[in-house]
Amino acid sequence: KPAAPTNFIKQIVTEDLNSGKVQTVVTRFPPEPNGYLHIGHAKSIWLNFTLADEFGGRTNLRFDDTNPVKEDEEFVRSMQEDIKWLGFEWDGLFFASNYFEEMYNRAVLLIKKGLAYVDDQTAEQIRETRGTLTAPGKESPYRGRSVEENLDLFERMRRGEFKDGEKVLRAKIDMSSGNINLRDPVLYRILHATHHNTGDKWCIYPMYSFAHPLEDAIEGVTHSICTTEFEEQRPLYDWVVRECEMPNVPHQYEFGKLRLSDTIMGKRYLKQLVEEKRVDGWDDPRMPTISGVRRRGYTAEAIRNFCSDTGVSKSGGVIDLSHLEHFVREDLKLKAPRTMAVLNPLKVVITNYPEGSVEWLDAENNSENPDMGVRQIPFSREIYVERDDFMEEPVKGYHRLFPGNEVRLKHAYFIKCEDVVKNAAGEVVELRCTYDPETKSGTGFTGRKVKGTIHWVEATHALPAEFRLYEPLLAKSGADADGEEDEEGAAAPSFLDKLNPNSLQVVHGFVEPNMKDAKPHDKFQFFRHGYFNVDPKNTTEGKLVFNRTVSLKSSFDP
Ligand code: ATP
Ligand code: MG
Ligand code: MG
């Protein structure tokens with residue numbers, strides 16, 4: 001028995017099942033293959049798949065590929081990969097373009113019923129005569145064409161007798177309707193373009209608002225879920241299903257889009273960033289694409305938990321990015337080994353440690369998850385520490401290394417800073433420290449306490465590594481372009497001047513030697529630096545590259 005509904009769409013589904021209006025719930029995820037999927041799509045995927053799943057129904061993946069100009073096989077492939085990665089399995093896999101013949105026949109039916117006509121006006125004229133919210137539209141001079149003439153012209157449109165834009169097929173509804181979507185919307189346009197699936201078979205293509213309800217009806221979709229921008233289109237959706245006499249009657253329901261603070265989401269904006277090479281492809285770890293956050297180190301489970309936690313409402317609203325990051329940390333907390341990496345190294349020589357000798361120390365892999373076991377890390381006379389962990393003249397409350405101060409080396413010993421070595425330019429290039437063998441970690445030493453604990457790596461065994469640290473692509477307050485991609489393809493507002501120049505910072509340092517076997521997508525928590533993912537694109541045999549997935553919530557040291 002299904003659980004009590006937790007959102008308004010589940011409420012509707014529950015009622016439809018109880019009343020017998022619907023026997024089996026069928027939903028679909030209908031992306032247009034014109035880019036890569038992003039976190040907003042993840043929300044829609046999660047909603048459609050979990051909804052049907054909860055009620056024992058089915059979910060189709062349908063490529064809404066009715067616009068040949070923007071669509072590509074690469075996107076069809078990547079979208080399937082991303083949905084699978086998110087952990088969902090579709091029942092049917094469909095392409096809207098496989099329904100072109102049926103759609104054409106339904107349009108012919110509308111013409112025969114006197115409910116559609118061929119218009120010779122230009123797109124601009126049609127726009128201009130559509131009217132406004134307060135003024136009715138103006139009827140086209142071609143609106144009175146006979147059924148015979150319309151049938152003939154529509155067939156000749158299909159045969160390719162006319163050029164792009166010369167004619168369109170319009171629904172004949174009501175030019176003075178209070179809903180502008182019902183003022184004789186365009187159903188078909190001429191486009192002499194090669195389609196990724198149907199090749200050059202067609203030169204007329206259905207508009208979204210005609211095609212989408214037919215696609216849903218053909219597949220027997222019961223609950224067609226979309227976002228609130230389409231609310232005003234619902235009467236047209238119902239009109240198309242009814243007047244085309246579709247045997248299955250789907251219903252459209254709208255929920256509020258997911259928006260994320262500091263994040264640009266519209267596919268068309270993301271595409272622009274890719275095409276202008278402002279990012280390293282669709283899967284750049286700064287991109288909000290599924291492939292981007294995957295490369296960054298986000299997990300599918302974290303994304304699903306985030307979708308579930310943020311719920312489904314009519315209003316949607318902007319959700320703080322930190323909310324998503326919270327779920328990433330929560331998921332990685334017990335899974336990612338905690339190891340040490342020095343991002344900005346400063347050499348430390350431990351002067352009283354025997355030269356040439358190395359000892360191996362036990363280090364637990366995850367203090368919150370003992371099941372992850374223990375590894376061995378080397379310790380010797382030379383180590384690297386973080387440059388930030390030393391201040392020649394400490395500020396008030398600084399408890400890390402400074403001349404005369406003693407700190408704890410994580411998993412090792414207390415060391416005390418005795419001396420500072422500088423180069424000719426006066427920069428600190430090395431610290432000279434002493435260690436106290438009595439203070440070895442794990443021996444239960446209680447003789448004295450120190451306030452600071454710092455991380456380190458042993459210098460002769462350390463592996464060099466590159467670390468990529470990220471900030472949002474858009475500087476604060478720049479992320480207001482969410483990008484509605486309409487079929488007319490209106491120009492994007494300029495958001496490029498809001499790009500954050502510091503969105504990527506590359507630093508070079510060292511990791512523990514046991515990282516030599518790290519594989520792409522292995523995840524680690526580097527002590528005090530946060531969670532990192534082995535980059536699948538730039539990591540090579542001799543060069544480890546880590547993407548910072550997310551920093552730790554709070555910095556370790558006071
Ligand atoms: P975008 O322009 O951002 O890529 P879109 O709506 O044009 O979005 P489609 O491929 O048409 O992209 O979308 C597939 C499905 O994903 C649609 O049902 C759409 O409503 C849904 N969707 C897109 N963006 C979001 C979002 N931010 N939140 C929730 N659902 C979304
Ligand atoms: Mg779209
Ligand atoms: Mg879009």
# chains A, B, ... in the order shown; residues from 1 in each chain; ligands from 1

call {"tool": "select_by_dssp", "arguments": {"residues": "segment 299-510 of chain A", "states": "strand (DSSP E)", "output": "VMD selection string"}}
result
chain A and resid 317 to 319 338 to 339 341 to 342 345 to 350 359 to 364 374 to 379 382 to 386 406 to 409 414 to 422 428 to 436 453 to 454 456 to 458 463 to 470 504 to 510

call {"tool": "closest_atom_pairs", "arguments": {"of": "segment 136-248 of chain A", "to": "segment 71-80 of chain A", "cutoff": "12 Å", "atoms": "only C-alpha atoms", "output": "CSV"}}
result
residue,atom,partner,partner_atom,distance
A:Ala193,CA,A:Glu71,CA,11.0
A:Thr194,CA,A:Glu71,CA,10.0
A:His195,CA,A:Glu71,CA,7.8
A:His196,CA,A:Asp72,CA,6.0
A:Asn197,CA,A:Glu73,CA,8.5
A:Thr198,CA,A:Glu71,CA,11.8
A:Gly199,CA,A:Asp72,CA,11.8

call {"tool": "residues_around", "arguments": {"residues": "His411 of chain A", "least_positions_apart": "5", "cutoff": "12 Å", "atoms": "only C-alpha atoms", "output": "list of chain:residue names"}}
result
A:Arg338, A:Thr339, A:Met340, A:Trp360, A:Leu361, A:Asp362, A:Ala363, A:Glu364, A:Asn365, A:Ser367, A:Val374, A:Arg375, A:Gln376, A:Ile377, A:Pro378, A:Phe379, A:Thr439, A:Lys440, A:Ser441, A:Gly442, A:Thr443, A:Thr453, A:Ile454, A:His455, A:Trp456, A:Val457, A:Glu458, A:Phe527

call {"tool": "write_last_selection", "arguments": {"atoms": "N, CA and C atoms", "output": "compact mmCIF listing (two decimals), in the first residue's frame"}}
result
# COMPACT_ATOMS: atom_id res chain seq x y z
N ARG A 338 39.83 9.12 4.74
CA ARG A 338 40.37 10.42 5.16
C ARG A 338 41.89 10.32 5.13
N THR A 339 42.47 11.01 4.21
CA THR A 339 43.92 10.94 4.07
C THR A 339 44.48 12.36 4.10
N MET A 340 45.78 12.46 3.95
CA MET A 340 46.40 13.78 4.07
C MET A 340 46.98 14.23 2.73
N TRP A 360 57.02 3.44 9.69
CA TRP A 360 55.65 3.43 9.15
C TRP A 360 54.66 3.48 10.30
N LEU A 361 53.78 4.45 10.21
CA LEU A 361 52.83 4.70 11.30
C LEU A 361 51.43 4.24 10.89
N ASP A 362 50.67 3.80 11.88
CA ASP A 362 49.28 3.43 11.63
C ASP A 362 48.41 4.68 11.55
N ALA A 363 47.56 4.71 10.55
CA ALA A 363 46.63 5.84 10.43
C ALA A 363 45.24 5.29 10.11
N GLU A 364 44.27 5.63 10.93
CA GLU A 364 42.94 5.08 10.65
C GLU A 364 42.38 5.79 9.40
N ASN A 365 41.62 5.02 8.60
CA ASN A 365 41.13 5.56 7.33
C ASN A 365 39.90 6.44 7.45
N SER A 367 37.81 8.10 10.88
CA SER A 367 37.58 8.08 12.33
C SER A 367 36.11 7.85 12.67
N VAL A 374 42.74 0.57 8.67
CA VAL A 374 43.93 1.36 8.98
C VAL A 374 44.92 1.23 7.84
N ARG A 375 45.63 2.30 7.53
CA ARG A 375 46.69 2.24 6.53
C ARG A 375 48.01 2.61 7.20
N GLN A 376 49.09 2.39 6.49
CA GLN A 376 50.39 2.74 7.02
C GLN A 376 50.94 3.93 6.25
N ILE A 377 51.45 4.89 6.99
CA ILE A 377 52.05 6.05 6.32
C ILE A 377 53.48 6.24 6.81
N PRO A 378 54.36 6.65 5.89
CA PRO A 378 55.77 6.79 6.28
C PRO A 378 56.01 8.09 7.05
N PHE A 379 57.04 8.05 7.89
CA PHE A 379 57.47 9.25 8.60
C PHE A 379 58.99 9.26 8.60
N THR A 439 55.88 11.34 22.33
CA THR A 439 54.51 11.83 22.03
C THR A 439 53.85 11.06 20.90
N LYS A 440 54.43 9.95 20.51
CA LYS A 440 53.91 9.20 19.37
C LYS A 440 52.41 8.92 19.50
N SER A 441 51.74 9.16 18.42
CA SER A 441 50.29 8.98 18.38
C SER A 441 49.91 7.53 18.67
N GLY A 442 48.90 7.32 19.47
CA GLY A 442 48.41 5.97 19.75
C GLY A 442 49.09 5.33 20.96
N THR A 443 50.09 6.02 21.55
CA THR A 443 50.77 5.44 22.71
C THR A 443 50.15 5.90 24.02
N THR A 453 46.67 20.87 15.82
CA THR A 453 47.02 19.64 15.12
C THR A 453 47.09 19.98 13.64
N ILE A 454 48.17 19.58 12.99
CA ILE A 454 48.29 19.88 11.56
C ILE A 454 48.55 18.59 10.78
N HIS A 455 48.27 18.66 9.47
CA HIS A 455 48.51 17.49 8.63
C HIS A 455 49.82 17.69 7.87
N TRP A 456 50.29 16.62 7.24
CA TRP A 456 51.63 16.62 6.66
C TRP A 456 51.74 15.42 5.73
N VAL A 457 52.78 15.40 4.90
CA VAL A 457 53.15 14.17 4.19
C VAL A 457 54.67 14.02 4.22
N GLU A 458 55.11 12.79 4.27
CA GLU A 458 56.54 12.51 4.33
C GLU A 458 57.14 12.85 2.96
N PHE A 527 42.33 15.71 4.84
CA PHE A 527 42.27 16.33 6.15
C PHE A 527 42.26 17.86 6.06

call {"tool": "residues_around", "arguments": {"residues": "segment 8-17 of chain A", "least_positions_apart": "6", "cutoff": "8 Å", "atoms": "only C-alpha atoms", "output": "JSON, numbers by chain"}}
result
{"A": [23, 24, 25, 51, 223, 253, 312, 313]}

call {"tool": "write_last_selection", "arguments": {"atoms": "C-alpha atoms", "output": "PDB file, in the first residue's frame"}}
result
ATOM      1  CA  GLN A  23      -5.310   1.910 -13.510  1.00  0.00           C
ATOM      2  CA  THR A  24      -1.541   2.160 -13.852  1.00  0.00           C
ATOM      3  CA  VAL A  25       0.496   5.325 -13.448  1.00  0.00           C
ATOM      4  CA  LEU A  51       6.402   8.790  -8.524  1.00  0.00           C
ATOM      5  CA  HIS A 223       0.416  12.087 -15.574  1.00  0.00           C
ATOM      6  CA  TYR A 253       0.472  18.856 -14.018  1.00  0.00           C
ATOM      7  CA  VAL A 312       7.782  19.316  -4.881  1.00  0.00           C
ATOM      8  CA  SER A 313       5.688  22.452  -4.892  1.00  0.00           C
TER       9      SER A 313
END

call {"tool": "closest_residue", "arguments": {"among": "A:Pro185, A:Gly220, A:Gly256, A:Gly87", "to": "ligand 1", "atoms": "only C-alpha atoms and all ligand atoms"}}
result
A:Gly256

call {"tool": "residues_near_ligand", "arguments": {"ligand": "ligand 1", "cutoff": "6 Å", "atoms": "only C-alpha atoms and all ligand atoms", "output": "list in words"}}
result
Pro30, Pro31, Glu32, Gly40, His41, Lys43, Ser44, Cys226, Thr227, Lys257, Leu258, Arg259, Met265, Gly266, Lys267, Gly483, Glu484 and Glu485 of chain A

call {"tool": "closest_residue", "arguments": {"among": "A:Ala135, A:Leu61, A:Val168, A:Met157", "to": "Ala116 of chain A", "atoms": "only C-alpha atoms"}}
result
A:Val168

call {"tool": "closest_residue", "arguments": {"among": "A:Arg381, A:Lys335, A:Arg268, A:Arg296", "to": "ligand 3", "atoms": "only C-alpha atoms and all ligand atoms"}}
result
A:Arg268

call {"tool": "atom_distance", "arguments": {"atom1": "atom CA of Cys244 of chain A", "atom2": "atom CA of Lys314 of chain A"}}
result
29.1 Å

call {"tool": "closest_residue", "arguments": {"among": "A:Val240, A:Leu504, A:Ala211, A:Val545", "to": "Pro520 of chain A", "atoms": "only C-alpha atoms"}}
result
A:Val545

call {"tool": "residues_around", "arguments": {"residues": "Arg130 of chain A", "least_positions_apart": "2", "cutoff": "9 Å", "atoms": "only C-alpha atoms", "output": "VMD selection string"}}
result
chain A and resid 125 to 128 132 136 to 139 175 to 176 180 183 to 184

call {"tool": "write_last_selection", "arguments": {"atoms": "N, CA and C atoms", "output": "compact mmCIF listing (two decimals), in the first residue's frame"}}
result
# COMPACT_ATOMS: atom_id res chain seq x y z
N GLN A 125 4.57 38.63 -38.75
CA GLN A 125 3.17 39.06 -38.86
C GLN A 125 2.29 38.30 -37.87
N ILE A 126 2.57 37.04 -37.73
CA ILE A 126 1.77 36.23 -36.81
C ILE A 126 1.96 36.72 -35.37
N ARG A 127 3.19 37.02 -35.05
CA ARG A 127 3.47 37.55 -33.71
C ARG A 127 2.75 38.88 -33.48
N GLU A 128 2.85 39.74 -34.49
CA GLU A 128 2.26 41.07 -34.35
C GLU A 128 0.74 41.05 -34.24
N THR A 132 -2.66 41.23 -27.28
CA THR A 132 -2.03 41.29 -25.96
C THR A 132 -3.01 40.78 -24.92
N PRO A 136 -7.62 41.79 -28.11
CA PRO A 136 -7.73 40.55 -28.85
C PRO A 136 -6.78 40.53 -30.05
N GLY A 137 -6.51 39.34 -30.57
CA GLY A 137 -5.67 39.23 -31.75
C GLY A 137 -6.48 39.51 -33.00
N LYS A 138 -5.74 39.59 -34.14
CA LYS A 138 -6.39 39.88 -35.42
C LYS A 138 -6.37 38.61 -36.27
N GLU A 139 -7.52 38.31 -36.85
CA GLU A 139 -7.60 37.08 -37.64
C GLU A 139 -6.76 37.19 -38.91
N MET A 175 -9.17 33.81 -31.86
CA MET A 175 -8.21 34.92 -31.83
C MET A 175 -8.50 35.94 -30.74
N SER A 176 -9.64 35.78 -30.05
CA SER A 176 -9.90 36.72 -28.96
C SER A 176 -9.93 36.00 -27.61
N ILE A 180 -3.74 33.63 -24.51
CA ILE A 180 -3.07 33.93 -25.78
C ILE A 180 -2.61 32.65 -26.48
N ARG A 183 -4.87 31.54 -29.25
CA ARG A 183 -5.10 32.39 -30.42
C ARG A 183 -4.39 31.78 -31.63
N ASP A 184 -5.02 30.79 -32.18
CA ASP A 184 -4.54 30.11 -33.38
C ASP A 184 -3.03 29.81 -33.35

call {"tool": "closest_residue", "arguments": {"among": "A:His251, A:Lys543, A:Lys70, A:Arg304", "to": "ligand 2", "atoms": "only C-alpha atoms and all ligand atoms"}}
result
A:Lys70

call {"tool": "select_by_dssp", "arguments": {"residues": "segment 151-256 of chain A", "states": "alpha helix (DSSP H)", "output": "JSON, numbers by chain"}}
result
{"A": [151, 152, 153, 154, 155, 156, 157, 158, 159, 208, 209, 210, 211, 212, 213, 214, 215, 216, 217, 218, 234, 235, 236, 237, 238, 239, 240, 241, 242, 243]}

call {"tool": "write_last_selection", "arguments": {"atoms": "N, CA and C atoms", "output": "PDB file, in the first residue's frame"}}
result
ATOM      1  N   LEU A 151      -5.896  21.131 -47.125  1.00  0.00           N
ATOM      2  CA  LEU A 151      -5.344  19.778 -47.285  1.00  0.00           C
ATOM      3  C   LEU A 151      -4.289  19.755 -48.377  1.00  0.00           C
ATOM      4  N   ASP A 152      -4.593  20.437 -49.474  1.00  0.00           N
ATOM      5  CA  ASP A 152      -3.664  20.483 -50.599  1.00  0.00           C
ATOM      6  C   ASP A 152      -2.363  21.208 -50.210  1.00  0.00           C
ATOM      7  N   LEU A 153      -2.511  22.362 -49.578  1.00  0.00           N
ATOM      8  CA  LEU A 153      -1.321  23.145 -49.209  1.00  0.00           C
ATOM      9  C   LEU A 153      -0.463  22.418 -48.170  1.00  0.00           C
ATOM     10  N   PHE A 154      -1.120  21.772 -47.219  1.00  0.00           N
ATOM     11  CA  PHE A 154      -0.375  21.080 -46.158  1.00  0.00           C
ATOM     12  C   PHE A 154       0.422  19.919 -46.741  1.00  0.00           C
ATOM     13  N   GLU A 155      -0.207  19.224 -47.692  1.00  0.00           N
ATOM     14  CA  GLU A 155       0.503  18.126 -48.339  1.00  0.00           C
ATOM     15  C   GLU A 155       1.695  18.649 -49.136  1.00  0.00           C
ATOM     16  N   ARG A 156       1.480  19.794 -49.812  1.00  0.00           N
ATOM     17  CA  ARG A 156       2.589  20.371 -50.589  1.00  0.00           C
ATOM     18  C   ARG A 156       3.691  20.910 -49.667  1.00  0.00           C
ATOM     19  N   MET A 157       3.297  21.359 -48.477  1.00  0.00           N
ATOM     20  CA  MET A 157       4.317  21.748 -47.476  1.00  0.00           C
ATOM     21  C   MET A 157       5.198  20.545 -47.165  1.00  0.00           C
ATOM     22  N   ARG A 158       4.548  19.430 -46.934  1.00  0.00           N
ATOM     23  CA  ARG A 158       5.279  18.206 -46.616  1.00  0.00           C
ATOM     24  C   ARG A 158       6.182  17.779 -47.763  1.00  0.00           C
ATOM     25  N   ARG A 159       5.675  17.960 -49.009  1.00  0.00           N
ATOM     26  CA  ARG A 159       6.456  17.526 -50.180  1.00  0.00           C
ATOM     27  C   ARG A 159       7.674  18.410 -50.442  1.00  0.00           C
ATOM     28  N   TYR A 208       6.284  22.326 -30.365  1.00  0.00           N
ATOM     29  CA  TYR A 208       6.231  21.658 -29.062  1.00  0.00           C
ATOM     30  C   TYR A 208       4.801  21.499 -28.548  1.00  0.00           C
ATOM     31  N   SER A 209       4.015  22.578 -28.624  1.00  0.00           N
ATOM     32  CA  SER A 209       2.700  22.537 -27.979  1.00  0.00           C
ATOM     33  C   SER A 209       1.705  21.637 -28.708  1.00  0.00           C
ATOM     34  N   PHE A 210       1.998  21.297 -29.955  1.00  0.00           N
ATOM     35  CA  PHE A 210       1.189  20.315 -30.672  1.00  0.00           C
ATOM     36  C   PHE A 210       1.759  18.913 -30.448  1.00  0.00           C
ATOM     37  N   ALA A 211       3.068  18.807 -30.546  1.00  0.00           N
ATOM     38  CA  ALA A 211       3.720  17.496 -30.487  1.00  0.00           C
ATOM     39  C   ALA A 211       3.636  16.863 -29.096  1.00  0.00           C
ATOM     40  N   HIS A 212       3.874  17.682 -28.080  1.00  0.00           N
ATOM     41  CA  HIS A 212       4.016  17.102 -26.748  1.00  0.00           C
ATOM     42  C   HIS A 212       2.773  16.357 -26.250  1.00  0.00           C
ATOM     43  N   PRO A 213       1.582  16.974 -26.341  1.00  0.00           N
ATOM     44  CA  PRO A 213       0.398  16.229 -25.895  1.00  0.00           C
ATOM     45  C   PRO A 213       0.163  14.958 -26.715  1.00  0.00           C
ATOM     46  N   LEU A 214       0.486  14.998 -28.008  1.00  0.00           N
ATOM     47  CA  LEU A 214       0.314  13.793 -28.831  1.00  0.00           C
ATOM     48  C   LEU A 214       1.282  12.698 -28.394  1.00  0.00           C
ATOM     49  N   GLU A 215       2.530  13.084 -28.126  1.00  0.00           N
ATOM     50  CA  GLU A 215       3.523  12.102 -27.668  1.00  0.00           C
ATOM     51  C   GLU A 215       3.043  11.417 -26.391  1.00  0.00           C
ATOM     52  N   ASP A 216       2.568  12.232 -25.447  1.00  0.00           N
ATOM     53  CA  ASP A 216       2.075  11.674 -24.180  1.00  0.00           C
ATOM     54  C   ASP A 216       0.911  10.720 -24.435  1.00  0.00           C
ATOM     55  N   ALA A 217      -0.009  11.142 -25.295  1.00  0.00           N
ATOM     56  CA  ALA A 217      -1.200  10.328 -25.550  1.00  0.00           C
ATOM     57  C   ALA A 217      -0.827   9.024 -26.258  1.00  0.00           C
ATOM     58  N   ILE A 218       0.080   9.102 -27.215  1.00  0.00           N
ATOM     59  CA  ILE A 218       0.496   7.904 -27.960  1.00  0.00           C
ATOM     60  C   ILE A 218       1.092   6.862 -27.007  1.00  0.00           C
ATOM     61  N   ARG A 234      -1.775  24.611 -20.694  1.00  0.00           N
ATOM     62  CA  ARG A 234      -2.573  23.416 -20.404  1.00  0.00           C
ATOM     63  C   ARG A 234      -3.879  23.365 -21.203  1.00  0.00           C
ATOM     64  N   PRO A 235      -4.602  24.503 -21.346  1.00  0.00           N
ATOM     65  CA  PRO A 235      -5.838  24.433 -22.152  1.00  0.00           C
ATOM     66  C   PRO A 235      -5.563  24.007 -23.603  1.00  0.00           C
ATOM     67  N   LEU A 236      -4.402  24.421 -24.137  1.00  0.00           N
ATOM     68  CA  LEU A 236      -4.050  24.015 -25.498  1.00  0.00           C
ATOM     69  C   LEU A 236      -3.693  22.523 -25.531  1.00  0.00           C
ATOM     70  N   TYR A 237      -2.989  22.083 -24.502  1.00  0.00           N
ATOM     71  CA  TYR A 237      -2.644  20.663 -24.365  1.00  0.00           C
ATOM     72  C   TYR A 237      -3.926  19.823 -24.422  1.00  0.00           C
ATOM     73  N   ASP A 238      -4.909  20.225 -23.630  1.00  0.00           N
ATOM     74  CA  ASP A 238      -6.178  19.476 -23.583  1.00  0.00           C
ATOM     75  C   ASP A 238      -6.927  19.570 -24.913  1.00  0.00           C
ATOM     76  N   TRP A 239      -6.845  20.734 -25.538  1.00  0.00           N
ATOM     77  CA  TRP A 239      -7.507  20.930 -26.838  1.00  0.00           C
ATOM     78  C   TRP A 239      -6.923  19.965 -27.886  1.00  0.00           C
ATOM     79  N   VAL A 240      -5.595  19.881 -27.913  1.00  0.00           N
ATOM     80  CA  VAL A 240      -4.937  19.013 -28.910  1.00  0.00           C
ATOM     81  C   VAL A 240      -5.347  17.554 -28.704  1.00  0.00           C
ATOM     82  N   VAL A 241      -5.301  17.107 -27.436  1.00  0.00           N
ATOM     83  CA  VAL A 241      -5.642  15.695 -27.151  1.00  0.00           C
ATOM     84  C   VAL A 241      -7.100  15.420 -27.556  1.00  0.00           C
ATOM     85  N   ARG A 242      -7.971  16.367 -27.219  1.00  0.00           N
ATOM     86  CA  ARG A 242      -9.403  16.175 -27.488  1.00  0.00           C
ATOM     87  C   ARG A 242      -9.700  16.228 -28.983  1.00  0.00           C
ATOM     88  N   GLU A 243      -9.265  17.281 -29.639  1.00  0.00           N
ATOM     89  CA  GLU A 243      -9.638  17.478 -31.047  1.00  0.00           C
ATOM     90  C   GLU A 243      -8.916  16.515 -31.986  1.00  0.00           C
TER      91      GLU A 243
END

call {"tool": "residues_around", "arguments": {"residues": "Pro141 of chain A", "least_positions_apart": "5", "cutoff": "9 Å", "atoms": "only C-alpha atoms", "output": "list in words"}}
result
Asp119, Asp120 and Gln121 of chain A

call {"tool": "write_last_selection", "arguments": {"atoms": "N, CA and C atoms", "output": "compact mmCIF listing (two decimals), in the first residue's frame"}}
result
# COMPACT_ATOMS: atom_id res chain seq x y z
N ASP A 119 -1.41 29.10 -43.10
CA ASP A 119 -1.29 30.56 -43.07
C ASP A 119 -0.04 30.97 -43.84
N ASP A 120 -0.17 31.96 -44.71
CA ASP A 120 0.98 32.44 -45.50
C ASP A 120 1.69 33.61 -44.83
N GLN A 121 1.19 34.04 -43.69
CA GLN A 121 1.82 35.18 -43.03
C GLN A 121 3.22 34.79 -42.52

call {"tool": "closest_residue", "arguments": {"among": "A:Asp64, A:Asp522, A:Glu149, A:Asp497", "to": "ligand 3", "atoms": "only C-alpha atoms and all ligand atoms"}}
result
A:Asp64

call {"tool": "atom_distance", "arguments": {"atom1": "atom CA of Leu469 of chain A", "atom2": "atom CA of Val507 of chain A"}}
result
7.9 Å
